[in-house]
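> File model_22.txt follows (compact mmCIF, C-alpha atoms and all ligand atoms):
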```txt
# COMPACT_ATOMS: atom_id res chain seq x y z
CA MET A 1 0.00 0.00 0.00
CA HIS A 2 1.19 3.47 -0.87
CA ILE A 3 0.83 6.21 1.72
CA HIS A 4 0.97 9.78 0.54
CA ALA A 5 3.53 12.00 2.23
CA TYR A 6 0.84 14.24 3.74
CA GLU A 7 -0.97 11.26 5.14
CA LYS A 8 2.26 10.11 6.72
CA LEU A 9 2.60 13.54 8.29
CA TRP A 10 -0.94 13.43 9.67
CA LEU A 11 -0.40 9.89 10.87
CA ALA A 12 2.75 10.98 12.71
CA ALA A 13 0.92 14.01 14.13
CA SER A 14 -1.98 11.95 15.43
CA VAL A 15 0.35 9.38 16.94
CA MET A 16 2.13 12.24 18.68
CA LEU A 17 -1.19 13.59 19.95
CA ILE A 18 -2.20 10.21 21.26
CA LEU A 19 1.15 9.82 23.00
CA LEU A 20 0.76 13.27 24.53
CA LEU A 21 -2.75 12.41 25.74
CA VAL A 22 -1.62 9.09 27.16
CA GLY A 23 1.29 10.91 28.74
CA SER A 24 -0.92 13.45 30.47
CA VAL A 25 -3.45 10.86 31.59
CA THR A 26 -0.69 8.70 33.05
CA TYR A 27 0.85 11.73 34.69
CA GLY A 28 -2.50 12.72 36.15
CA ALA A 29 -3.11 9.24 37.48
CA ILE A 30 0.38 8.87 38.87
CA GLY A 31 0.45 12.28 40.55
CA PRO A 32 -1.81 11.60 43.55
CA GLY A 33 -0.61 7.99 43.71
CA VAL A 34 2.97 9.09 44.09
CA ALA A 35 1.95 11.63 46.69
CA MET A 36 0.30 8.88 48.71
CA VAL A 37 3.41 6.74 48.51
CA ALA A 38 5.58 9.69 49.48
CA ASP A 39 3.28 10.27 52.46
CA SER A 40 4.17 6.94 53.97
CA GLU A 41 7.56 5.61 54.81
CA PRO A 42 7.85 2.01 53.76
CA THR A 43 8.77 -1.02 55.81
CA ILE A 44 8.18 -1.02 59.46
CA ASP A 45 7.67 -4.39 61.09
CA ALA A 46 3.97 -4.43 61.97
CA GLY A 47 4.55 -7.39 64.29
CA GLY A 48 7.50 -5.74 66.02
CA LEU A 49 6.03 -2.39 67.04
CA ASP A 50 6.80 -3.17 70.69
CA GLU A 51 10.49 -2.88 69.86
CA ASP A 52 10.10 0.14 67.59
CA GLU A 53 11.64 3.32 68.90
CA ARG A 54 8.71 5.46 67.76
CA PHE A 55 5.78 3.15 68.29
CA SER A 56 6.60 1.01 71.33
CA GLU A 57 5.12 3.83 73.38
CA PRO A 58 2.52 5.64 71.29
CA ARG A 59 2.66 9.26 72.40
CA VAL A 60 2.73 12.96 71.60
CA GLU A 61 6.13 14.66 71.66
CA GLN A 62 6.98 18.35 71.53
CA VAL A 63 9.56 18.99 68.81
CA GLY A 64 9.43 22.79 68.52
CA GLU A 65 7.85 25.85 70.09
CA ASN A 66 4.42 25.09 68.67
CA GLU A 67 5.25 21.83 66.98
CA TYR A 68 4.35 18.36 68.04
CA GLU A 69 4.67 14.85 66.70
CA ALA A 70 2.11 12.20 67.50
CA TYR A 71 3.03 8.53 67.17
CA VAL A 72 -0.17 6.59 66.83
CA VAL A 73 -0.79 2.87 66.56
CA SER A 74 -4.08 1.63 65.16
CA PHE A 75 -5.29 -1.88 65.87
CA GLN A 76 -8.40 -4.02 65.92
CA PHE A 77 -10.28 -2.08 67.25
CA GLY A 78 -8.89 1.18 68.51
CA PHE A 79 -6.11 3.75 68.53
CA GLN A 80 -3.22 4.35 70.89
CA PRO A 81 -2.84 6.72 72.57
CA ASP A 82 -6.49 7.45 73.29
CA PRO A 83 -7.17 10.27 73.71
CA ILE A 84 -4.43 11.93 71.66
CA VAL A 85 -3.89 15.19 73.53
CA VAL A 86 -2.35 18.15 71.69
CA PRO A 87 -2.02 21.81 72.69
CA GLU A 88 -4.03 24.53 70.96
CA ASN A 89 -2.46 26.73 68.24
CA SER A 90 0.11 24.20 67.19
CA THR A 91 1.20 22.12 64.25
CA VAL A 92 0.89 18.42 64.79
CA THR A 93 2.43 15.79 62.54
CA PHE A 94 0.74 12.45 63.02
CA TYR A 95 2.72 9.30 62.26
CA VAL A 96 0.28 6.45 62.13
CA THR A 97 0.86 2.76 61.66
CA SER A 98 -1.10 -0.44 62.19
CA ARG A 99 -0.22 -3.52 64.17
CA ASP A 100 -2.62 -5.76 62.25
CA VAL A 101 -4.79 -4.89 59.26
CA ILE A 102 -5.58 -1.83 57.14
CA HIS A 103 -7.38 0.89 59.07
CA GLY A 104 -8.40 4.45 58.45
CA PHE A 105 -7.41 7.50 60.48
CA GLU A 106 -9.90 10.31 60.15
CA VAL A 107 -10.29 13.24 62.48
CA ALA A 108 -14.05 13.69 62.32
CA GLY A 109 -15.25 16.99 60.90
CA THR A 110 -11.85 17.89 59.41
CA ASN A 111 -10.00 17.02 56.22
CA ALA A 112 -7.36 15.14 58.21
CA ASN A 113 -7.73 11.67 56.81
CA THR A 114 -5.36 8.92 55.79
CA MET A 115 -5.28 5.20 55.22
CA VAL A 116 -3.18 3.21 57.65
CA VAL A 117 -1.38 0.19 56.23
CA PRO A 118 0.48 -2.40 58.30
CA GLY A 119 4.17 -2.22 57.43
CA GLU A 120 3.95 1.46 56.56
CA VAL A 121 3.90 4.75 58.40
CA SER A 122 1.36 7.30 57.22
CA GLU A 123 2.26 10.92 57.83
CA ILE A 124 -0.28 13.68 58.11
CA LYS A 125 0.29 17.25 59.21
CA VAL A 126 -2.48 19.19 60.89
CA GLU A 127 -2.83 22.74 62.20
CA VAL A 128 -4.88 22.85 65.36
CA GLU A 129 -6.37 26.03 66.76
CA GLU A 130 -8.95 26.29 69.49
CA PRO A 131 -9.46 23.77 72.29
CA GLN A 132 -11.93 21.18 71.11
CA GLU A 133 -12.58 17.49 71.35
CA TYR A 134 -12.58 15.64 68.05
CA GLY A 135 -13.70 12.14 67.28
CA LEU A 136 -11.19 9.88 65.63
CA ILE A 137 -12.71 7.31 63.32
CA CYS A 138 -11.62 4.36 61.23
CA ASN A 139 -13.03 4.62 57.74
CA GLU A 140 -11.65 1.38 56.30
CA TYR A 141 -13.47 -1.85 56.97
CA CYS A 142 -11.19 -3.79 59.33
CA GLY A 143 -13.27 -6.54 60.81
CA ALA A 144 -16.18 -7.26 63.12
CA GLY A 145 -15.50 -4.30 65.41
CA HIS A 146 -14.89 -1.77 62.63
CA HIS A 147 -18.04 0.23 63.32
CA ALA A 148 -17.03 0.66 66.96
CA MET A 149 -13.39 1.54 66.29
CA GLU A 150 -12.91 5.09 67.43
CA GLY A 151 -10.70 7.34 69.49
CA LYS A 152 -10.38 10.97 70.45
CA VAL A 153 -8.16 13.88 69.58
CA ASN A 154 -8.32 16.49 72.31
CA VAL A 155 -7.01 19.96 71.58
CA VAL A 156 -6.37 21.55 74.95
CA SER A 157 -5.39 24.99 76.20
CU1 LIG B 1 -10.22 -0.10 61.88
CU2 LIG B 1 -12.18 -0.08 60.58
```
Would you give me this structure, written as structure tokens?


Amino acid sequence: MHIHAYEKLWLAASVMLILLLVGSVTYGAIGPGVAMVADSEPTIDAGGLDEDERFSEPRVEQVGENEYEAYVVSFQFGFQPDPIVVPENSTVTFYVTSRDVIHGFEVAGTNANTMVVPGEVSEIKVEVEEPQEYGLICNEYCGAGHHAMEGKVNVVS
């Protein structure tokens, strides 16, 4: 078959367009995915949290004038520590992991929300202002007690 030079040009142009489209779609799909991966540090031993420097004693630590880090362990069916107590007008970075299955970590009524995967550490940074008590809920089905899995985040003065 003979293809005219112009047709070849158009063919090349449309192939380029398709590649560009595929490229942007892939980029769009990868973007948030990569962000999620970057949000969690891989490989922590979910079965060995008792020996882990950060998670053997789930806690809130002050790391700056108004900066805190919260090390939180989720499990069937709750969160440690509970309540998580943080001072008002501060920035809190939550590091959350699981000792068993996939859980959710959602501070009710806020956009603070992440999935918690055993073997990974999810990181989520939150600005807290006024003293208030927040519910902490698990939004990933994790077993028979999922609906009752909850904790508290208390912002105190
Ligand atoms: Cu933990 Cu649902």

> With a distance cut-off of 10 Å and only C-alpha atoms, select the neighbouring residues of stretch 146-148 of chain A, excluding the residue or stretch itself and same-chain residues fewer than 5 positions from it, and output the selection as a list in words.

Gln76, Phe77, Gly78, His103, Gly104, Ile137, Cys138, Asn139, Glu140 and Tyr141 of chain A

> Next, write the just-selected residues to a file, as a compact mmCIF listing (two decimals), in the frame of the given file, keeping C-alpha atoms as the atom set.


```
# COMPACT_ATOMS: atom_id res chain seq x y z
CA GLN A 76 -8.40 -4.02 65.92
CA PHE A 77 -10.28 -2.08 67.25
CA GLY A 78 -8.89 1.18 68.51
CA HIS A 103 -7.38 0.89 59.07
CA GLY A 104 -8.40 4.45 58.45
CA ILE A 137 -12.71 7.31 63.32
CA CYS A 138 -11.62 4.36 61.23
CA ASN A 139 -13.03 4.62 57.74
CA GLU A 140 -11.65 1.38 56.30
CA TYR A 141 -13.47 -1.85 56.97
```

> Give me, please, the distance in Å between atom CA of A:Glu129 and atom CA of A:Val117, quoted to one decimal.

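Atom CA of A:Val117 lies at a distance of 28.3 Å from atom CA of A:Glu129.
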
> Compile the contact shell of A:Arg99 as a list in words: residues with an atom at most 9 Å away, counting all atoms listed in the file, same-chain residues fewer than 4 positions apart removed.

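Skipping anything fewer than 4 positions along the chain leaves Asp45, Ala46, Gly47, Gly48, Leu49, Val73, Ser74, Phe75, Gln76, Val117, Pro118 and Gly119 of chain A.
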
> What separation in Å, quoted to one decimal, exists between atom CA of A:Thr97 and atom CA of A:Ser122?

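About the pair atom CA of A:Thr97 and atom CA of A:Ser122: they are 6.4 Å apart.
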
> Using the file's own x, y and z axes, so that the box edges lie along x, y and z, what centre and edge lengths in Å (one decimal) does a box around every listed atom of stretch 149-153 of chain A get when 8 Å is added on each side? Give it as JSON.


```
{"center_x": -10.8, "center_y": 7.7, "center_z": 68.4, "size_x": 21.2, "size_y": 28.3, "size_z": 20.2}
```

> Can you tell me how far atom CA of A:Val153 sits from atom CA of A:Asn89, in Å to one decimal?

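Interatomic distance here is 14.1 Å.
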
> With only C-alpha atoms as the basis for distance, which of A:Thr114, A:Thr93, A:Gly109, A:Pro87 is at the shortest distance from A:Pro131?

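Result for the nearest residue to A:Pro131: A:Pro87.
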
> With all atoms listed in the file as the atoms that count, which of A:Asn66, A:Ser56, A:Phe94, A:Pro81 lies nearest to A:Val121?

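With all atoms listed in the file as the atom set, the closest residue is A:Phe94.
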
> Using all atoms listed in the file, can you tell me which of A:Val60, A:Val72, A:Val101, A:Val92 comes closest to A:Gly143?

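Using all atoms listed in the file, A:Gly143 sits closest to A:Val101.
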
> Counting only C-alpha atoms, which of A:Pro58, A:Glu88, A:Ala70, A:Lys125 gets nearest to A:Asn113?

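When distances to A:Asn113 are compared using only C-alpha atoms, the smallest one comes from A:Lys125.
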
> With only C-alpha atoms as the basis for distance, which of A:Ser98, A:Thr110, A:Ser90, A:Gln80 is at the shortest distance from A:Glu127?

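Closest residue, counting only C-alpha atoms: A:Ser90.
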
> Using all atoms listed in the file for the distances, tell me which of A:Ala112, A:Ile102, A:Leu136, A:Ile124 is nearest to ligand LIG 1 (chain B).

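The answer is A:Ile102, which sits nearest to ligand LIG 1 (chain B).
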